[in-house]
file entry31.txt (compact mmCIF, C-alpha atoms and all ligand atoms)
# COMPACT_ATOMS: atom_id res chain seq x y z
CA MET A 232 -115.52 -165.53 26.83
CA VAL A 233 -118.40 -167.67 27.91
CA TYR A 234 -116.51 -170.76 26.82
CA LYS A 235 -113.46 -169.69 28.76
CA TYR A 236 -115.51 -169.04 31.88
CA SER A 237 -117.19 -172.42 31.91
CA TYR A 238 -113.85 -174.19 31.33
CA SER A 239 -112.15 -172.63 34.35
CA PHE A 240 -115.32 -173.17 36.38
CA HIS A 241 -115.14 -176.82 35.45
CA ILE A 242 -111.53 -177.06 36.60
CA LEU A 243 -112.41 -175.30 39.83
CA MET A 244 -115.23 -177.74 40.52
CA THR A 245 -113.02 -180.73 39.79
CA MET A 246 -110.37 -179.44 42.15
CA ALA A 247 -112.93 -178.79 44.87
CA PHE A 248 -114.20 -182.31 44.43
CA LEU A 249 -110.68 -183.73 44.69
CA PHE A 250 -110.00 -181.73 47.84
CA PHE A 251 -113.17 -183.04 49.30
CA LEU A 252 -112.09 -186.62 48.62
CA GLU A 253 -108.44 -186.32 49.56
CA PRO A 254 -107.71 -183.74 52.23
CA ILE A 255 -104.04 -182.74 52.08
CA PHE A 256 -102.40 -183.55 55.38
CA ALA A 257 -99.29 -181.84 56.65
CA ALA A 258 -97.86 -185.12 57.93
CA THR A 259 -98.39 -188.88 58.03
CA VAL A 260 -97.69 -191.36 60.83
CA ASN A 261 -95.76 -193.99 58.90
CA ASP A 262 -94.90 -196.34 61.73
CA MET A 263 -95.11 -196.82 65.48
CA ARG A 264 -92.82 -198.83 67.71
CA VAL A 265 -92.71 -199.66 71.39
CA TRP A 266 -89.81 -200.64 73.70
CA LYS A 267 -90.03 -201.71 77.32
CA ALA A 268 -87.25 -200.51 79.65
CA PRO A 269 -87.14 -201.36 83.37
CA ASP A 270 -88.59 -198.02 84.53
CA HIS A 271 -90.44 -196.82 81.46
CA THR A 272 -92.01 -197.74 78.15
CA ARG A 273 -90.89 -195.87 75.04
CA LEU A 274 -93.29 -195.26 72.20
CA VAL A 275 -91.92 -193.89 68.93
CA LEU A 276 -94.04 -192.47 66.11
CA ASP A 277 -92.31 -192.20 62.74
CA LEU A 278 -93.57 -189.11 60.94
CA SER A 279 -93.21 -187.90 57.38
CA ASP A 280 -92.92 -184.28 58.57
CA PRO A 281 -92.63 -182.28 61.80
CA VAL A 282 -95.97 -181.98 63.65
CA LYS A 283 -97.76 -179.97 66.30
CA TYR A 284 -99.17 -182.19 69.04
CA LYS A 285 -100.67 -182.30 72.50
CA ILE A 286 -100.59 -185.07 75.09
CA ASN A 287 -103.10 -185.52 77.89
CA SER A 288 -103.48 -188.14 80.60
CA LEU A 289 -106.96 -189.22 81.65
CA GLN A 290 -108.11 -191.42 84.50
CA ASN A 291 -110.90 -193.92 85.13
CA PRO A 292 -109.92 -195.77 83.03
CA ASP A 293 -106.27 -194.74 82.62
CA ARG A 294 -105.63 -193.41 79.14
CA LEU A 295 -103.13 -191.33 77.27
CA ILE A 296 -104.46 -189.11 74.49
CA ILE A 297 -102.12 -187.97 71.73
CA ASP A 298 -103.63 -185.25 69.53
CA ILE A 299 -101.66 -184.44 66.40
CA GLU A 300 -102.67 -181.55 64.17
CA ASP A 301 -103.26 -182.01 60.47
CA THR A 302 -101.97 -185.57 60.26
CA SER A 303 -103.09 -188.87 58.82
CA ILE A 304 -102.07 -192.38 59.81
CA LYS A 305 -101.08 -195.22 57.50
CA LYS A 306 -103.02 -198.44 57.58
CA ASP A 307 -101.79 -201.21 59.92
CA VAL A 308 -99.52 -198.87 61.88
CA LEU A 309 -101.32 -199.65 65.11
CA LYS A 310 -100.78 -203.39 64.80
CA PHE A 311 -97.71 -203.80 66.97
CA ASP A 312 -96.92 -206.14 69.83
CA LEU A 313 -98.08 -204.74 73.17
CA SER A 314 -97.34 -207.79 75.30
CA ALA A 315 -94.96 -207.02 78.18
CA THR A 316 -95.96 -203.34 78.03
CA PRO A 317 -98.37 -201.49 80.32
CA ILE A 318 -100.51 -200.61 77.28
CA ILE A 319 -103.75 -202.56 76.82
CA SER A 320 -104.67 -201.28 73.38
CA VAL A 321 -104.07 -198.45 70.89
CA LYS A 322 -106.75 -196.81 68.75
CA SER A 323 -106.81 -193.91 66.36
CA ASN A 324 -109.60 -191.69 65.12
CA LYS A 325 -110.02 -188.54 63.11
CA LYS A 326 -111.04 -185.35 64.85
CA GLU A 327 -112.27 -182.11 63.32
CA LYS A 328 -109.84 -180.11 61.13
CA ASN A 329 -107.96 -183.23 60.04
CA HIS A 330 -106.62 -183.76 63.55
CA LEU A 331 -105.54 -187.25 64.44
CA ARG A 332 -106.21 -188.65 67.88
CA ILE A 333 -104.33 -191.71 69.13
CA THR A 334 -105.65 -193.19 72.36
CA LEU A 335 -103.61 -195.57 74.49
CA ASN A 336 -105.57 -197.59 77.02
CA LEU A 337 -103.29 -198.22 79.98
CA LYS A 338 -103.16 -200.90 82.65
CA LYS A 339 -102.19 -198.29 85.29
CA PRO A 340 -101.51 -194.56 85.56
CA LEU A 341 -98.19 -193.63 83.91
CA LYS A 342 -96.33 -190.35 83.75
CA PRO A 343 -95.61 -189.27 80.16
CA LYS A 344 -92.52 -187.37 79.03
CA HIS A 345 -92.31 -186.48 75.36
CA PHE A 346 -90.12 -184.81 72.78
CA LYS A 347 -89.67 -184.50 69.03
CA LEU A 348 -86.66 -185.69 67.06
CA GLY A 349 -85.66 -184.35 63.66
CA VAL A 350 -84.34 -186.21 60.66
CA SER A 351 -81.23 -188.31 61.36
CA LYS A 352 -79.10 -190.71 59.33
CA LYS A 353 -81.37 -193.65 60.08
CA TYR A 354 -84.74 -192.02 60.74
CA ASN A 355 -87.20 -189.42 59.58
CA ASN A 356 -89.05 -187.06 61.98
CA ARG A 357 -90.15 -188.75 65.19
CA LEU A 358 -92.32 -188.13 68.19
CA VAL A 359 -91.03 -189.96 71.26
CA ILE A 360 -93.24 -190.60 74.28
CA ASP A 361 -91.78 -192.18 77.40
CA LEU A 362 -94.30 -193.55 79.86
CA TYR A 363 -92.78 -193.69 83.32
CA ASP A 364 -93.94 -195.92 86.12
CA ILE A 365 -95.11 -193.83 89.01
CA LYS A 366 -92.90 -194.68 91.96
CA LYS A 367 -94.58 -195.60 95.19
CA ILE A 368 -93.81 -193.14 97.95
CA GLY A 369 -91.64 -194.70 100.62
CA GLY A 370 -90.19 -197.30 98.25
CA LYS A 371 -86.48 -197.49 98.95
CA GLU A 372 -83.82 -198.59 96.55
CA THR A 373 -81.51 -201.29 97.76
CA SER A 374 -78.06 -199.99 98.47
CA PHE A 375 -74.96 -201.76 97.26
CA VAL A 376 -72.74 -200.20 99.90
CA ILE A 377 -71.28 -202.83 102.16
CA PRO A 378 -70.27 -202.06 105.75
CA ASN A 379 -66.66 -202.60 106.74
CA ASP A 380 -67.15 -205.86 108.58
CA GLY A 381 -68.36 -207.75 105.50
CA LEU A 382 -66.16 -208.25 102.47
CA ARG A 383 -67.72 -207.25 99.23
CA ASN A 384 -67.64 -208.60 95.70
CA ILE A 385 -65.95 -206.76 92.86
CA ILE A 386 -68.75 -205.26 90.79
CA VAL A 387 -68.38 -205.25 87.02
CA ALA A 388 -70.75 -203.02 85.05
CA ILE A 389 -71.36 -204.52 81.61
CA ASP A 390 -72.73 -202.10 79.05
CA PRO A 391 -74.21 -203.68 75.91
CA GLY A 392 -74.09 -200.87 73.33
CA HIS A 393 -77.15 -199.36 71.61
CA GLY A 394 -80.59 -201.02 72.03
CA GLY A 395 -84.23 -200.27 71.25
CA GLU A 396 -84.51 -197.46 68.72
CA ASP A 397 -80.80 -197.62 68.05
CA PRO A 398 -79.78 -200.90 66.36
CA GLY A 399 -76.08 -199.95 66.15
CA ALA A 400 -74.19 -201.35 63.18
CA ILE A 401 -76.12 -203.57 60.80
CA GLY A 402 -74.39 -206.46 59.07
CA PRO A 403 -75.30 -208.94 56.35
CA LYS A 404 -78.75 -210.55 56.73
CA ARG A 405 -79.73 -207.56 58.89
CA LEU A 406 -77.70 -208.84 61.80
CA MET A 407 -77.94 -206.06 64.38
CA GLU A 408 -75.15 -205.00 66.72
CA LYS A 409 -77.61 -204.38 69.58
CA HIS A 410 -78.62 -208.07 69.64
CA VAL A 411 -75.09 -209.47 69.30
CA VAL A 412 -73.62 -207.31 72.06
CA LEU A 413 -76.50 -208.06 74.44
CA ALA A 414 -75.99 -211.80 73.96
CA ILE A 415 -72.23 -211.53 74.63
CA SER A 416 -72.89 -209.30 77.67
CA GLN A 417 -75.35 -211.80 79.13
CA GLU A 418 -72.80 -214.60 78.75
CA LEU A 419 -70.17 -212.44 80.41
CA LYS A 420 -72.51 -211.66 83.31
CA LYS A 421 -73.17 -215.36 83.84
CA LEU A 422 -69.45 -216.13 84.03
CA LEU A 423 -68.73 -213.28 86.46
CA ASP A 424 -71.66 -214.12 88.73
CA GLN A 425 -70.43 -217.69 89.02
CA LYS A 426 -66.91 -216.60 89.94
CA SER A 427 -66.19 -216.25 93.64
CA GLY A 428 -65.64 -212.61 94.62
CA PHE A 429 -67.31 -211.10 91.53
CA SER A 430 -70.78 -209.89 90.61
CA ALA A 431 -71.90 -208.26 87.41
CA VAL A 432 -74.61 -205.75 86.56
CA LEU A 433 -76.00 -205.17 83.08
CA ILE A 434 -76.48 -201.52 82.16
CA ARG A 435 -79.31 -202.66 79.89
CA SER A 436 -80.81 -206.12 80.24
CA SER A 437 -82.99 -206.33 77.15
CA ASP A 438 -83.83 -204.47 73.96
CA TYR A 439 -84.27 -200.81 74.97
CA TYR A 440 -82.15 -197.70 74.66
CA VAL A 441 -80.24 -196.12 77.54
CA PRO A 442 -78.78 -192.62 76.96
CA LEU A 443 -74.96 -192.55 77.15
CA ARG A 444 -74.62 -190.34 80.22
CA LYS A 445 -77.23 -192.42 82.00
CA ARG A 446 -75.10 -195.53 81.39
CA ILE A 447 -72.31 -193.95 83.43
CA LYS A 448 -74.79 -192.90 86.11
CA ILE A 449 -76.16 -196.42 86.46
CA ALA A 450 -72.61 -197.77 86.89
CA HIS A 451 -72.03 -195.22 89.67
CA LYS A 452 -75.27 -196.05 91.36
CA LYS A 453 -74.36 -199.73 91.33
CA ARG A 454 -70.94 -198.86 92.79
CA ALA A 455 -69.17 -200.54 89.89
CA ASP A 456 -65.43 -201.16 90.15
CA ILE A 457 -65.01 -201.27 86.40
CA PHE A 458 -67.10 -200.49 83.32
CA ILE A 459 -67.02 -202.67 80.19
CA SER A 460 -68.85 -201.39 77.13
CA ILE A 461 -69.41 -203.99 74.42
CA HIS A 462 -69.86 -203.16 70.74
CA ALA A 463 -69.38 -204.58 67.24
CA ASP A 464 -67.94 -202.34 64.57
CA ALA A 465 -68.97 -201.47 61.03
CA PHE A 466 -66.91 -199.97 58.24
CA LYS A 467 -67.52 -198.89 54.67
CA LYS A 468 -65.14 -201.57 53.42
CA PRO A 469 -66.52 -205.03 54.18
CA SER A 470 -62.92 -206.30 54.39
CA ALA A 471 -62.24 -204.41 57.67
CA LYS A 472 -61.85 -206.96 60.46
CA GLY A 473 -60.60 -207.71 63.95
CA ALA A 474 -61.44 -206.86 67.58
CA SER A 475 -60.28 -203.67 69.31
CA VAL A 476 -60.17 -202.30 72.85
CA PHE A 477 -60.51 -198.57 73.53
CA ILE A 478 -59.92 -196.35 76.53
CA LEU A 479 -60.74 -192.66 76.89
CA SER A 480 -58.29 -190.36 75.11
CA ARG A 481 -56.33 -187.74 77.07
CA SER A 482 -58.13 -184.94 75.25
CA GLY A 483 -61.46 -186.60 75.99
CA ALA A 484 -60.43 -186.82 79.65
CA SER A 485 -59.38 -183.20 80.01
CA SER A 486 -62.45 -181.87 78.25
CA GLU A 487 -64.55 -184.00 80.59
CA THR A 488 -62.72 -182.63 83.66
CA ALA A 489 -63.46 -179.13 82.41
CA ARG A 490 -67.08 -180.00 81.81
CA TYR A 491 -67.59 -181.39 85.31
CA LEU A 492 -65.93 -178.42 86.93
CA ALA A 493 -67.89 -175.94 84.85
CA LYS A 494 -71.17 -177.61 85.62
CA ARG A 495 -70.42 -178.96 89.08
CA GLU A 496 -73.46 -181.07 88.43
CA ASN A 497 -74.00 -183.98 90.75
CA SER A 498 -70.45 -183.61 91.94
CA THR A 499 -71.30 -185.43 95.15
CA ASP A 500 -69.92 -188.95 95.05
CA LEU A 501 -67.91 -188.07 92.01
CA ILE A 502 -64.62 -189.52 93.09
CA GLY A 503 -64.03 -192.95 94.55
CA GLY A 504 -67.00 -195.22 93.97
CA SER A 505 -66.93 -196.55 97.51
CA GLY A 506 -64.57 -194.09 99.25
CA SER A 507 -66.58 -191.16 97.90
CA VAL A 508 -64.75 -187.86 97.98
CA SER A 509 -67.28 -185.11 97.48
CA LEU A 510 -66.23 -182.09 95.48
CA ASP A 511 -69.11 -180.00 96.79
CA ASP A 512 -67.27 -178.39 99.66
CA LYS A 513 -63.87 -178.01 97.95
CA ASP A 514 -62.63 -174.74 96.52
CA PRO A 515 -62.35 -174.69 92.71
CA ILE A 516 -58.56 -175.21 92.54
CA LEU A 517 -58.56 -178.12 94.97
CA ALA A 518 -61.56 -179.63 93.23
CA SER A 519 -59.79 -179.43 89.90
CA VAL A 520 -56.61 -181.03 91.31
CA LEU A 521 -58.60 -183.85 92.91
CA LEU A 522 -60.55 -184.47 89.76
CA ASP A 523 -57.41 -184.42 87.63
CA LEU A 524 -55.69 -186.91 89.92
CA SER A 525 -58.69 -189.17 89.87
CA MET A 526 -59.02 -188.95 86.11
CA THR A 527 -55.33 -189.75 85.60
CA ALA A 528 -55.40 -192.70 87.99
CA THR A 529 -58.57 -193.98 86.34
CA LEU A 530 -57.03 -193.69 82.87
CA ASN A 531 -53.95 -195.64 83.98
CA SER A 532 -56.14 -198.40 85.41
CA SER A 533 -58.29 -198.39 82.27
CA LEU A 534 -55.15 -198.91 80.21
CA ASP A 535 -54.01 -201.87 82.35
CA LEU A 536 -57.48 -203.39 82.20
CA GLY A 537 -57.64 -202.77 78.44
CA LYS A 538 -54.26 -204.46 77.87
CA SER A 539 -55.28 -207.49 79.87
CA VAL A 540 -58.61 -207.86 78.02
CA LEU A 541 -57.05 -207.24 74.60
CA LYS A 542 -54.38 -209.88 75.24
CA SER A 543 -57.00 -212.41 76.27
CA ILE A 544 -59.28 -211.68 73.29
CA GLY A 545 -56.21 -212.05 71.06
CA THR A 546 -56.03 -215.74 71.99
CA ILE A 547 -59.37 -216.47 70.29
CA ALA A 548 -59.97 -213.66 67.80
CA ARG A 549 -58.04 -211.68 65.23
CA LEU A 550 -57.13 -208.22 66.57
CA HIS A 551 -57.69 -205.04 64.60
CA LYS A 552 -54.70 -203.38 66.30
CA ASN A 553 -52.43 -205.07 68.81
CA TYR A 554 -52.48 -202.15 71.24
CA VAL A 555 -55.19 -200.43 73.27
CA GLU A 556 -56.60 -197.54 71.24
CA GLU A 557 -57.87 -194.18 72.48
CA ALA A 558 -61.07 -192.32 71.63
CA GLY A 559 -63.43 -189.75 73.11
CA PHE A 560 -66.39 -192.13 73.65
CA VAL A 561 -68.87 -190.63 76.12
CA VAL A 562 -69.49 -193.88 78.02
CA LEU A 563 -65.80 -194.02 78.96
CA LYS A 564 -65.89 -190.66 80.73
CA SER A 565 -66.33 -191.70 84.38
CA PRO A 566 -63.63 -189.88 86.33
CA ASP A 567 -63.48 -192.68 88.91
CA ILE A 568 -64.41 -195.98 87.26
CA PRO A 569 -61.80 -197.61 85.00
CA SER A 570 -63.66 -198.04 81.73
CA ILE A 571 -62.99 -199.80 78.45
CA LEU A 572 -64.94 -200.22 75.23
CA ILE A 573 -64.56 -203.48 73.34
CA GLU A 574 -65.30 -203.65 69.64
CA THR A 575 -65.74 -207.41 69.41
CA GLY A 576 -65.31 -207.51 65.64
CA PHE A 577 -66.64 -206.03 62.41
CA ILE A 578 -70.28 -206.86 61.90
CA SER A 579 -69.90 -205.37 58.40
CA ASN A 580 -67.41 -208.12 57.52
CA PRO A 581 -69.39 -211.13 56.27
CA SER A 582 -67.18 -213.81 57.84
CA GLU A 583 -66.90 -211.97 61.18
CA ALA A 584 -70.64 -211.28 61.18
CA LYS A 585 -71.26 -215.00 60.80
CA LYS A 586 -69.05 -215.72 63.80
CA LEU A 587 -70.53 -212.92 65.91
CA ALA A 588 -74.04 -214.29 65.33
CA ASN A 589 -72.96 -217.75 66.47
CA LYS A 590 -73.84 -218.72 70.06
CA THR A 591 -70.68 -220.77 70.58
CA TYR A 592 -68.46 -217.96 69.36
CA GLN A 593 -70.34 -215.45 71.55
CA LYS A 594 -69.61 -217.69 74.56
CA LYS A 595 -65.95 -217.97 73.59
CA LEU A 596 -65.68 -214.21 73.27
CA ALA A 597 -67.41 -213.67 76.61
CA TYR A 598 -65.04 -216.15 78.21
CA SER A 599 -61.97 -214.36 76.82
CA ILE A 600 -63.25 -211.01 78.15
CA PHE A 601 -63.97 -212.68 81.50
CA LYS A 602 -60.42 -214.06 81.61
CA GLY A 603 -58.99 -210.64 80.79
CA ILE A 604 -61.01 -209.05 83.61
CA THR A 605 -60.09 -211.62 86.26
CA GLN A 606 -56.43 -211.50 85.24
CA TYR A 607 -56.45 -207.72 85.62
CA PHE A 608 -57.90 -208.01 89.13
CA SER A 609 -55.47 -210.70 90.20
CA GLY A 610 -52.89 -207.90 90.26
CA ASN A 611 -55.23 -205.05 91.24
CA TYR A 612 -57.51 -206.15 94.03
CA PRO A 613 -59.66 -203.41 95.56
CA ILE A 614 -59.25 -203.31 99.34
CA GLY A 615 -62.31 -204.48 101.21
CA THR A 616 -63.18 -207.09 98.63
CA LEU A 617 -63.33 -210.80 99.07
CA LEU A 618 -60.67 -211.13 96.37
CA ALA A 619 -58.28 -208.87 98.30
CA SER A 620 -58.78 -210.97 101.42
CA GLU A 621 -57.88 -214.09 99.45
CA LYS A 622 -54.88 -212.43 97.79
CA LEU A 623 -53.55 -210.96 100.99
CA ASP A 624 -54.24 -214.28 102.70
CA ILE A 625 -56.39 -212.54 105.23
CA GLU A 626 -58.54 -214.87 107.24
CA ARG A 627 -61.76 -215.85 105.54
CA PRO A 628 -64.48 -213.29 106.19
CA LEU A 629 -66.84 -214.14 109.00
CA TYR A 630 -69.84 -212.51 107.47
CA TYR A 631 -71.43 -211.90 104.13
CA LEU A 632 -73.92 -209.13 103.46
CA VAL A 633 -76.75 -210.36 101.26
CA LEU A 634 -77.21 -208.45 97.98
CA PRO A 635 -80.37 -208.13 95.92
CA GLY A 636 -80.74 -211.28 93.83
CA ASP A 637 -78.67 -213.49 96.16
CA THR A 638 -80.01 -216.89 97.16
CA ALA A 639 -78.88 -219.21 99.93
CA TYR A 640 -77.75 -221.63 97.24
CA LYS A 641 -75.69 -219.00 95.42
CA ILE A 642 -73.97 -217.93 98.63
CA SER A 643 -73.30 -221.50 99.74
CA LYS A 644 -71.66 -222.24 96.40
CA LYS A 645 -69.59 -219.09 96.50
CA TYR A 646 -68.24 -219.70 100.00
CA LYS A 647 -68.01 -223.45 99.68
CA ILE A 648 -70.38 -224.13 102.53
CA SER A 649 -73.55 -226.22 102.38
CA VAL A 650 -76.98 -224.59 102.53
CA LYS A 651 -77.69 -226.73 105.58
CA LYS A 652 -74.66 -225.32 107.37
CA LEU A 653 -75.56 -221.79 106.34
CA ILE A 654 -79.02 -222.25 107.87
CA LYS A 655 -77.56 -223.74 111.04
CA LEU A 656 -74.88 -221.07 111.51
CA ASN A 657 -77.43 -218.30 111.19
CA ASN A 658 -80.34 -219.96 112.99
CA LEU A 659 -82.50 -219.52 109.93
CA LYS A 660 -85.97 -221.04 109.74
CA GLY A 661 -85.52 -222.06 106.09
CA ASP A 662 -83.40 -221.07 103.13
CA LYS A 663 -85.16 -217.69 102.71
CA ILE A 664 -82.74 -214.77 102.96
CA TYR A 665 -83.23 -211.08 102.33
CA SER A 666 -81.15 -208.26 100.89
CA GLY A 667 -79.16 -206.45 103.58
CA GLN A 668 -79.08 -209.49 105.88
CA LYS A 669 -75.73 -210.27 107.51
CA LEU A 670 -74.93 -213.99 107.27
CA ARG A 671 -72.21 -215.86 109.07
CA ILE A 672 -70.38 -217.93 106.49
CA THR A 673 -67.80 -219.75 108.58
CA ASP A 674 -67.86 -221.55 111.91
CA LYS A 675 -64.29 -220.62 112.79
ZN ZN B 701 -71.57 -199.77 68.64
call {"tool": "encode", "arguments": {"input": "entry31.txt", "output": "structure tokens", "more": "lines below"}}
Ligand SMILES: [Zn+2]
result
Amino acid sequence: MVYKYSYSFHILMTMAFLFFLEPIFAATVNDMRVWKAPDHTRLVLDLSDPVKYKINSLQNPDRLIIDIEDTSIKKDVLKFDLSATPIISVKSNKKEKNHLRITLNLKKPLKPKHFKLGVSKKYNNRLVIDLYDIKKIGGKETSFVIPNDGLRNIIVAIDPGHGGEDPGAIGPKRLMEKHVVLAISQELKKLLDQKSGFSAVLIRSSDYYVPLRKRIKIAHKKRADIFISIHADAFKKPSAKGASVFILSRSGASSETARYLAKRENSTDLIGGSGSVSLDDKDPILASVLLDLSMTATLNSSLDLGKSVLKSIGTIARLHKNYVEEAGFVVLKSPDIPSILIETGFISNPSEAKKLANKTYQKKLAYSIFKGITQYFSGNYPIGTLLASEKLDIERPLYYLVLPGDTAYKISKKYKISVKKLIKLNNLKGDKIYSGQKLRITDK
């Protein structure tokens, strides 16, 4: 009896000692990553298990405090690259009751938004913190709407798939879709910007994630005429190969119409990028007819655009199917912007992956997409554009309305007029121009 007692007492003491040395945590922070987007910085904490947490902002100096209950942090997790972010430094320390405190020292006050993500195919539990820049009151966004007396460029929204947290498909040698499609998109933008009558906007311009619905919203905000989403496929079988072009499926379109009508969310400006028919003041039946008409017209245009791009890509790349395919991809769901999604090839196919990673091939691909786009517009020129004026042989526009990012040099090249002449015609002091300025571009 005595023997038995002392034995269990011994075990008890050993266990107590072990507990004292190694507290059992509910979760561990295994990794931390940071992505910089134009209007916010995303911080992702990879966690072994779901956690309870609290986030507080402090001032003087600006800090963000992340308190996580019952959690430990792996060594070296805080050693990540903070350059180009508004974060000066990151520190962690233990608080009472095994609580972990992570402190971010910030360069300026930022507004945090945060949420938890559960286990997915690629990731374990995560805590996501978005740090938003605080907008200055009175700051106005530049409008892309052009008044009637100036002819506008055709605006192409280029949407490089995935980004940031989401690498997309991963090929041999860890070649990531997000990097390949961004490189092709940047080449495509360059080509379009150089072409008279066209300008391009990138839905994402570096390595960060943009939610799918937001991609459509950005295209609307930029008054895009068309939307081109660029991807690279993956398939279980490494032998799968070839490029494809997709448009929205009919079922995807009708479910989207139903969704818009049910929600009536942001229905202002829904139809007609520049013509803008608002559905706000329409009765439900009329609204549904208008939306249906718009969706059908958009789908028809998407198909024509898709055919033109597919044909052009077919001159340089093997095609997966020789017709435009249909799918319910969310990014294709604009009711008023013709939209296509290009799968540039199979990143899971070793020989295609090698090509897709190659700069020269990326340029060739971008050029073939560019050709497909310009060929489509040579038969479908939106009224009010510079291209339409050229096609309809309307007299050269007298004025050009300066867009954000324009320079005197860029405009002079586009309208085949010297910078000197541009300065003279507009009585400018130098070659400085500003967005919204109306410039005379001909002396006729
Ligand atoms: Zn993709």
call {"tool": "atom_distance", "arguments": {"input": "entry31.txt", "atom1": "CA of His462 in chain A", "atom2": "CA of Lys409 in chain A"}}
result
7.9 Å
call {"tool": "residues_near_point", "arguments": {"input": "entry31.txt", "point": "(-104.2, -197.1, 89.1)", "cutoff": "9 Å", "atoms": "all atoms listed in the file", "output": "list in words"}}
result
Gln290, Asn291, Pro292, Asp293, Lys338, Lys339, Pro340 and Leu341 of chain A
call {"tool": "closest_residue", "arguments": {"input": "entry31.txt", "among": "A:Gln593, A:Asp567, A:Glu574, A:Asn384", "to": "Gln425 in chain A", "atoms": "all atoms listed in the file"}}
result
A:Asn384
call {"tool": "closest_residue", "arguments": {"input": "entry31.txt", "among": "A:Gly603, A:Gly428, A:Pro269, A:Pro343", "to": "Thr546 in chain A", "atoms": "all atoms listed in the file"}}
result
A:Gly603
call {"tool": "closest_atom_pairs", "arguments": {"input": "entry31.txt", "of": "chain A", "to": "ligand ZN 701 (chain B)", "cutoff": "8 Å", "atoms": "only C-alpha atoms and all ligand atoms", "output": "JSON lines"}}
result
{"residue": "A:Gly392", "atom": "CA", "partner": "B:ZN701", "partner_atom": "ZN", "distance": 5.4}
{"residue": "A:His393", "atom": "CA", "partner": "B:ZN701", "partner_atom": "ZN", "distance": 6.3}
{"residue": "A:Gly399", "atom": "CA", "partner": "B:ZN701", "partner_atom": "ZN", "distance": 5.2}
{"residue": "A:Ala400", "atom": "CA", "partner": "B:ZN701", "partner_atom": "ZN", "distance": 6.3}
{"residue": "A:Glu408", "atom": "CA", "partner": "B:ZN701", "partner_atom": "ZN", "distance": 6.6}
{"residue": "A:Lys409", "atom": "CA", "partner": "B:ZN701", "partner_atom": "ZN", "distance": 7.7}
{"residue": "A:Ile461", "atom": "CA", "partner": "B:ZN701", "partner_atom": "ZN", "distance": 7.5}
{"residue": "A:His462", "atom": "CA", "partner": "B:ZN701", "partner_atom": "ZN", "distance": 4.3}
{"residue": "A:Ala463", "atom": "CA", "partner": "B:ZN701", "partner_atom": "ZN", "distance": 5.5}
{"residue": "A:Asp464", "atom": "CA", "partner": "B:ZN701", "partner_atom": "ZN", "distance": 6.0}
{"residue": "A:Glu574", "atom": "CA", "partner": "B:ZN701", "partner_atom": "ZN", "distance": 7.4}
call {"tool": "write_last_selection", "arguments": {"input": "entry31.txt", "atoms": "C-alpha atoms", "output": "PDB file, in the frame of the given file"}}
result
ATOM      1  CA  GLY A 392     -74.090-200.870  73.330  1.00  0.00           C
ATOM      2  CA  HIS A 393     -77.150-199.360  71.610  1.00  0.00           C
ATOM      3  CA  GLY A 399     -76.080-199.950  66.150  1.00  0.00           C
ATOM      4  CA  ALA A 400     -74.190-201.350  63.180  1.00  0.00           C
ATOM      5  CA  GLU A 408     -75.150-205.000  66.720  1.00  0.00           C
ATOM      6  CA  LYS A 409     -77.610-204.380  69.580  1.00  0.00           C
ATOM      7  CA  ILE A 461     -69.410-203.990  74.420  1.00  0.00           C
ATOM      8  CA  HIS A 462     -69.860-203.160  70.740  1.00  0.00           C
ATOM      9  CA  ALA A 463     -69.380-204.580  67.240  1.00  0.00           C
ATOM     10  CA  ASP A 464     -67.940-202.340  64.570  1.00  0.00           C
ATOM     11  CA  GLU A 574     -65.300-203.650  69.640  1.00  0.00           C
TER      12      GLU A 574
END
call {"tool": "closest_residue", "arguments": {"input": "entry31.txt", "among": "A:Ala584, A:Leu278, A:Leu337, A:Ile600", "to": "Ile415 in chain A", "atoms": "all atoms listed in the file"}}
result
A:Ile600
call {"tool": "closest_residue", "arguments": {"input": "entry31.txt", "among": "A:Ala474, A:Leu309, A:Leu295, A:Leu541", "to": "Leu362 in chain A", "atoms": "all atoms listed in the file"}}
result
A:Leu295
call {"tool": "atom_distance", "arguments": {"input": "entry31.txt", "atom1": "CA of Thr488 in chain A", "atom2": "CA of Leu522 in chain A"}}
result
6.7 Å
call {"tool": "atom_distance", "arguments": {"input": "entry31.txt", "atom1": "CA of Lys344 in chain A", "atom2": "CA of Asp390 in chain A"}}
result
24.7 Å
call {"tool": "residues_around", "arguments": {"input": "entry31.txt", "residues": "Lys420 in chain A", "least_positions_apart": "5", "cutoff": "8 Å", "atoms": "all atoms listed in the file", "output": "count of residues only"}}
result
5
call {"tool": "closest_residue", "arguments": {"input": "entry31.txt", "among": "A:Phe601, A:Phe256, A:Tyr363, A:Phe477", "to": "Val561 in chain A", "atoms": "only C-alpha atoms"}}
result
A:Phe477
call {"tool": "closest_residue", "arguments": {"input": "entry31.txt", "among": "A:Leu632, A:Ala489, A:Ser609, A:His551", "to": "Ser539 in chain A", "atoms": "only C-alpha atoms"}}
result
A:Ser609
